[in-house]
Amino acid sequence: MSGVVPGSSLNAARRARELARTAEERVDVLVVGLGATGAGAALDAASRGLGVAAIDAQDLAFGTSRWSSKLIHGGLRYLAKGQVGVAYESAVERGVLLTRTAPHLVRAHPYVLPLTPGVTGARAATVMTGYLLG
């Protein structure tokens, strides 16, 4: 599949023109990467009146975040891999988004993780500790 949508104005020629124009402009913020964080940063900067250029190697939300639930998570998946520092940083950043940077865009939502009989008590305790830390 070529990725070209018939009748779409999104094409290689337009991308080349817009990249050339962006290179000539002076902007306040350049956002590289338009996943959840990059798109949010671009929106926040633009909403504050800053001039923003946003670029991505692919299409908007092409990467992992387009397949995900669009959650701004607290890093539980990193904690599960033993990456405590990354999990902590992710939780702190989520807190900043929730309280200062984008409370108008980000809301906390409860969710349920079923602990089936196949999950050991130790594993359940680990999961609950991760939730509490997150």
# chains A, B, ... in the order shown; residues from 1 in each chain; ligands from 1
$ residues_around --residues "stretch 73-87 of chain A" --least-positions-apart "3" --cutoff "10 Å" --atoms "only C-alpha atoms" --output "number ranges by chain"
A: 70, 90-95, 108, 126-127, 129-134
$ write_last_selection --atoms "all heavy atoms" --output "CSV table (one decimal), in the first residue's frame"
chain,number,residue,atom,x,y,z
A,70,LYS,N,-5.1,6.7,23.8
A,70,LYS,CA,-4.9,8.1,24.0
A,70,LYS,C,-4.8,8.5,25.4
A,70,LYS,O,-5.1,9.7,25.8
A,70,LYS,CB,-6.0,8.9,23.3
A,70,LYS,CG,-6.2,8.5,21.8
A,70,LYS,CD,-5.0,8.8,21.0
A,70,LYS,CE,-5.3,8.6,19.5
A,70,LYS,NZ,-4.3,7.8,18.8
A,90,SER,N,7.3,9.9,34.4
A,90,SER,CA,6.1,9.9,33.7
A,90,SER,C,4.9,10.3,34.6
A,90,SER,O,4.0,11.1,34.2
A,90,SER,CB,5.8,8.5,33.2
A,90,SER,OG,4.6,8.5,32.4
A,91,ALA,N,4.9,9.9,35.8
A,91,ALA,CA,3.8,10.2,36.8
A,91,ALA,C,3.9,11.7,37.1
A,91,ALA,O,2.8,12.4,37.2
A,91,ALA,CB,3.9,9.4,38.0
A,92,VAL,N,5.1,12.2,37.3
A,92,VAL,CA,5.2,13.7,37.6
A,92,VAL,C,4.7,14.5,36.4
A,92,VAL,O,4.0,15.5,36.6
A,92,VAL,CB,6.7,14.0,37.9
A,92,VAL,CG1,6.9,15.5,38.0
A,92,VAL,CG2,7.1,13.4,39.3
A,93,GLU,N,5.1,14.1,35.2
A,93,GLU,CA,4.7,14.9,34.0
A,93,GLU,C,3.2,14.8,33.9
A,93,GLU,O,2.5,15.8,33.5
A,93,GLU,CB,5.3,14.3,32.8
A,93,GLU,CG,6.8,14.7,32.7
A,93,GLU,CD,7.0,16.2,32.6
A,93,GLU,OE1,6.3,16.9,31.9
A,93,GLU,OE2,8.0,16.7,33.3
A,94,ARG,N,2.6,13.7,34.2
A,94,ARG,CA,1.1,13.6,34.1
A,94,ARG,C,0.5,14.5,35.1
A,94,ARG,O,-0.5,15.2,34.8
A,94,ARG,CB,0.6,12.1,34.4
A,94,ARG,CG,-0.9,12.0,34.2
A,94,ARG,CD,-1.4,10.7,34.7
A,94,ARG,NE,-1.1,10.6,36.1
A,94,ARG,CZ,-1.2,9.5,36.9
A,94,ARG,NH1,-1.4,8.4,36.3
A,94,ARG,NH2,-0.9,9.5,38.1
A,95,GLY,N,1.0,14.6,36.3
A,95,GLY,CA,0.5,15.5,37.3
A,95,GLY,C,0.6,17.0,36.9
A,95,GLY,O,-0.3,17.7,37.1
A,108,ALA,N,-8.5,13.0,34.8
A,108,ALA,CA,-8.2,11.7,35.4
A,108,ALA,C,-9.5,10.8,35.2
A,108,ALA,O,-10.6,11.3,35.4
A,108,ALA,CB,-7.9,11.9,36.8
A,126,THR,N,1.9,-6.0,44.0
A,126,THR,CA,2.8,-5.2,43.1
A,126,THR,C,2.0,-4.3,42.3
A,126,THR,O,2.3,-3.1,42.1
A,126,THR,CB,3.7,-6.2,42.3
A,126,THR,OG1,4.4,-7.0,43.1
A,126,THR,CG2,4.6,-5.4,41.4
A,127,VAL,N,0.9,-4.8,41.6
A,127,VAL,CA,0.1,-4.0,40.8
A,127,VAL,C,-0.5,-2.8,41.5
A,127,VAL,O,-0.5,-1.7,41.1
A,127,VAL,CB,-1.0,-4.8,40.1
A,127,VAL,CG1,-2.0,-3.9,39.4
A,127,VAL,CG2,-0.3,-5.8,39.0
A,129,THR,N,0.5,-1.5,44.3
A,129,THR,CA,1.5,-0.6,44.7
A,129,THR,C,1.9,0.4,43.6
A,129,THR,O,2.0,1.6,43.7
A,129,THR,CB,2.8,-1.3,45.2
A,129,THR,OG1,2.5,-2.2,46.3
A,129,THR,CG2,3.9,-0.4,45.5
A,130,GLY,N,1.9,-0.2,42.4
A,130,GLY,CA,2.1,0.6,41.2
A,130,GLY,C,1.1,1.6,41.0
A,130,GLY,O,1.3,2.8,40.7
A,131,TYR,N,-0.2,1.2,41.2
A,131,TYR,CA,-1.3,2.2,41.0
A,131,TYR,C,-1.2,3.3,42.1
A,131,TYR,O,-1.4,4.5,41.7
A,131,TYR,CB,-2.6,1.5,41.2
A,131,TYR,CG,-3.2,0.8,40.0
A,131,TYR,CD1,-3.6,-0.5,40.1
A,131,TYR,CD2,-3.2,1.4,38.8
A,131,TYR,CE1,-4.1,-1.2,39.0
A,131,TYR,CE2,-3.7,0.8,37.7
A,131,TYR,CZ,-4.2,-0.5,37.8
A,131,TYR,OH,-4.7,-1.1,36.7
A,132,LEU,N,-0.9,3.0,43.3
A,132,LEU,CA,-0.7,4.0,44.3
A,132,LEU,C,0.4,4.9,44.0
A,132,LEU,O,0.3,6.1,44.3
A,132,LEU,CB,-0.5,3.3,45.7
A,132,LEU,CG,-1.8,2.5,46.2
A,132,LEU,CD1,-1.4,1.8,47.5
A,132,LEU,CD2,-2.9,3.5,46.5
A,133,LEU,N,1.6,4.4,43.6
A,133,LEU,CA,2.7,5.2,43.2
A,133,LEU,C,2.4,6.1,42.0
A,133,LEU,O,2.9,7.3,42.0
A,133,LEU,CB,3.9,4.4,43.0
A,133,LEU,CG,4.5,3.7,44.2
A,133,LEU,CD1,5.6,2.7,43.8
A,133,LEU,CD2,5.0,4.7,45.2
A,134,GLY,N,1.6,5.6,41.1
A,134,GLY,CA,1.3,6.3,39.9
A,134,GLY,C,0.4,7.5,40.1
A,134,GLY,O,0.4,8.5,39.5
$ residues_around --residues "stretch 46-48 of chain A" --least-positions-apart "6" --cutoff "10 Å" --atoms "only C-alpha atoms" --output "PyMOL selection string"
chain A and resi 28-29+40
$ residues_around --residues "A:Thr22" --least-positions-apart "5" --cutoff "9 Å" --atoms "only C-alpha atoms" --output "number ranges by chain"
A: 17, 27, 53
$ closest_residue --among "A:Leu30, A:Ala42, A:Ala12, A:Met128" --to "A:Val112" --atoms "only C-alpha atoms"
A:Met128
$ decode --residues "stretch 82-105 of chain A" --atoms "N, CA, C and O atoms" --output "PDB file, in the first residue's frame"
ATOM      1  N   GLY A  82      10.481  -2.521  35.662  1.00  0.00           N
ATOM      2  CA  GLY A  82      11.544  -2.192  36.595  1.00  0.00           C
ATOM      3  C   GLY A  82      12.200  -0.855  36.338  1.00  0.00           C
ATOM      4  O   GLY A  82      13.221  -0.530  36.935  1.00  0.00           O
ATOM      5  N   GLN A  83      11.629  -0.041  35.478  1.00  0.00           N
ATOM      6  CA  GLN A  83      12.185   1.271  35.151  1.00  0.00           C
ATOM      7  C   GLN A  83      11.555   2.315  36.080  1.00  0.00           C
ATOM      8  O   GLN A  83      10.761   3.160  35.665  1.00  0.00           O
ATOM      9  N   VAL A  84      11.946   2.262  37.336  1.00  0.00           N
ATOM     10  CA  VAL A  84      11.333   3.095  38.370  1.00  0.00           C
ATOM     11  C   VAL A  84      11.525   4.579  38.079  1.00  0.00           C
ATOM     12  O   VAL A  84      10.585   5.370  38.227  1.00  0.00           O
ATOM     13  N   GLY A  85      12.698   4.976  37.663  1.00  0.00           N
ATOM     14  CA  GLY A  85      12.959   6.390  37.369  1.00  0.00           C
ATOM     15  C   GLY A  85      12.081   6.924  36.251  1.00  0.00           C
ATOM     16  O   GLY A  85      11.531   8.027  36.351  1.00  0.00           O
ATOM     17  N   VAL A  86      11.922   6.143  35.198  1.00  0.00           N
ATOM     18  CA  VAL A  86      11.086   6.559  34.068  1.00  0.00           C
ATOM     19  C   VAL A  86       9.625   6.604  34.512  1.00  0.00           C
ATOM     20  O   VAL A  86       8.881   7.517  34.140  1.00  0.00           O
ATOM     21  N   ALA A  87       9.197   5.631  35.316  1.00  0.00           N
ATOM     22  CA  ALA A  87       7.820   5.617  35.816  1.00  0.00           C
ATOM     23  C   ALA A  87       7.553   6.856  36.670  1.00  0.00           C
ATOM     24  O   ALA A  87       6.504   7.493  36.544  1.00  0.00           O
ATOM     25  N   TYR A  88       8.501   7.209  37.513  1.00  0.00           N
ATOM     26  CA  TYR A  88       8.345   8.386  38.365  1.00  0.00           C
ATOM     27  C   TYR A  88       8.244   9.657  37.517  1.00  0.00           C
ATOM     28  O   TYR A  88       7.364  10.486  37.717  1.00  0.00           O
ATOM     29  N   GLU A  89       9.150   9.782  36.544  1.00  0.00           N
ATOM     30  CA  GLU A  89       9.138  10.957  35.666  1.00  0.00           C
ATOM     31  C   GLU A  89       7.817  11.056  34.915  1.00  0.00           C
ATOM     32  O   GLU A  89       7.235  12.136  34.783  1.00  0.00           O
ATOM     33  N   SER A  90       7.313   9.936  34.427  1.00  0.00           N
ATOM     34  CA  SER A  90       6.050   9.916  33.706  1.00  0.00           C
ATOM     35  C   SER A  90       4.899  10.345  34.608  1.00  0.00           C
ATOM     36  O   SER A  90       4.034  11.131  34.197  1.00  0.00           O
ATOM     37  N   ALA A  91       4.872   9.863  35.841  1.00  0.00           N
ATOM     38  CA  ALA A  91       3.812  10.238  36.782  1.00  0.00           C
ATOM     39  C   ALA A  91       3.874  11.725  37.121  1.00  0.00           C
ATOM     40  O   ALA A  91       2.843  12.398  37.209  1.00  0.00           O
ATOM     41  N   VAL A  92       5.081  12.239  37.301  1.00  0.00           N
ATOM     42  CA  VAL A  92       5.233  13.672  37.603  1.00  0.00           C
ATOM     43  C   VAL A  92       4.728  14.513  36.426  1.00  0.00           C
ATOM     44  O   VAL A  92       3.995  15.487  36.612  1.00  0.00           O
ATOM     45  N   GLU A  93       5.108  14.135  35.206  1.00  0.00           N
ATOM     46  CA  GLU A  93       4.666  14.879  34.018  1.00  0.00           C
ATOM     47  C   GLU A  93       3.152  14.824  33.876  1.00  0.00           C
ATOM     48  O   GLU A  93       2.522  15.813  33.511  1.00  0.00           O
ATOM     49  N   ARG A  94       2.558  13.660  34.157  1.00  0.00           N
ATOM     50  CA  ARG A  94       1.103  13.556  34.092  1.00  0.00           C
ATOM     51  C   ARG A  94       0.472  14.514  35.099  1.00  0.00           C
ATOM     52  O   ARG A  94      -0.510  15.185  34.812  1.00  0.00           O
ATOM     53  N   GLY A  95       1.048  14.588  36.292  1.00  0.00           N
ATOM     54  CA  GLY A  95       0.539  15.501  37.307  1.00  0.00           C
ATOM     55  C   GLY A  95       0.601  16.953  36.862  1.00  0.00           C
ATOM     56  O   GLY A  95      -0.324  17.728  37.103  1.00  0.00           O
ATOM     57  N   VAL A  96       1.676  17.317  36.195  1.00  0.00           N
ATOM     58  CA  VAL A  96       1.815  18.683  35.682  1.00  0.00           C
ATOM     59  C   VAL A  96       0.746  18.960  34.631  1.00  0.00           C
ATOM     60  O   VAL A  96       0.117  20.020  34.625  1.00  0.00           O
ATOM     61  N   LEU A  97       0.516  18.000  33.744  1.00  0.00           N
ATOM     62  CA  LEU A  97      -0.524  18.167  32.728  1.00  0.00           C
ATOM     63  C   LEU A  97      -1.902  18.318  33.366  1.00  0.00           C
ATOM     64  O   LEU A  97      -2.704  19.149  32.951  1.00  0.00           O
ATOM     65  N   LEU A  98      -2.171  17.506  34.381  1.00  0.00           N
ATOM     66  CA  LEU A  98      -3.478  17.524  35.046  1.00  0.00           C
ATOM     67  C   LEU A  98      -3.731  18.818  35.821  1.00  0.00           C
ATOM     68  O   LEU A  98      -4.872  19.272  35.909  1.00  0.00           O
ATOM     69  N   THR A  99      -2.686  19.396  36.390  1.00  0.00           N
ATOM     70  CA  THR A  99      -2.897  20.518  37.306  1.00  0.00           C
ATOM     71  C   THR A  99      -2.475  21.880  36.774  1.00  0.00           C
ATOM     72  O   THR A  99      -3.041  22.887  37.178  1.00  0.00           O
ATOM     73  N   ARG A 100      -1.477  21.927  35.883  1.00  0.00           N
ATOM     74  CA  ARG A 100      -0.964  23.237  35.467  1.00  0.00           C
ATOM     75  C   ARG A 100      -1.005  23.477  33.969  1.00  0.00           C
ATOM     76  O   ARG A 100      -1.531  24.476  33.515  1.00  0.00           O
ATOM     77  N   THR A 101      -0.417  22.585  33.209  1.00  0.00           N
ATOM     78  CA  THR A 101      -0.235  22.848  31.788  1.00  0.00           C
ATOM     79  C   THR A 101      -1.520  22.722  30.982  1.00  0.00           C
ATOM     80  O   THR A 101      -1.820  23.586  30.166  1.00  0.00           O
ATOM     81  N   ALA A 102      -2.263  21.654  31.206  1.00  0.00           N
ATOM     82  CA  ALA A 102      -3.426  21.419  30.346  1.00  0.00           C
ATOM     83  C   ALA A 102      -4.614  20.821  31.088  1.00  0.00           C
ATOM     84  O   ALA A 102      -5.192  19.842  30.635  1.00  0.00           O
ATOM     85  N   PRO A 103      -5.014  21.414  32.212  1.00  0.00           N
ATOM     86  CA  PRO A 103      -6.180  20.843  32.891  1.00  0.00           C
ATOM     87  C   PRO A 103      -7.450  20.928  32.045  1.00  0.00           C
ATOM     88  O   PRO A 103      -8.398  20.201  32.291  1.00  0.00           O
ATOM     89  N   HIS A 104      -7.442  21.789  31.033  1.00  0.00           N
ATOM     90  CA  HIS A 104      -8.576  21.906  30.130  1.00  0.00           C
ATOM     91  C   HIS A 104      -8.602  20.782  29.090  1.00  0.00           C
ATOM     92  O   HIS A 104      -9.610  20.580  28.425  1.00  0.00           O
ATOM     93  N   LEU A 105      -7.510  20.034  28.964  1.00  0.00           N
ATOM     94  CA  LEU A 105      -7.423  18.957  27.982  1.00  0.00           C
ATOM     95  C   LEU A 105      -7.305  17.571  28.605  1.00  0.00           C
ATOM     96  O   LEU A 105      -7.639  16.581  27.966  1.00  0.00           O
TER      97      LEU A 105
END
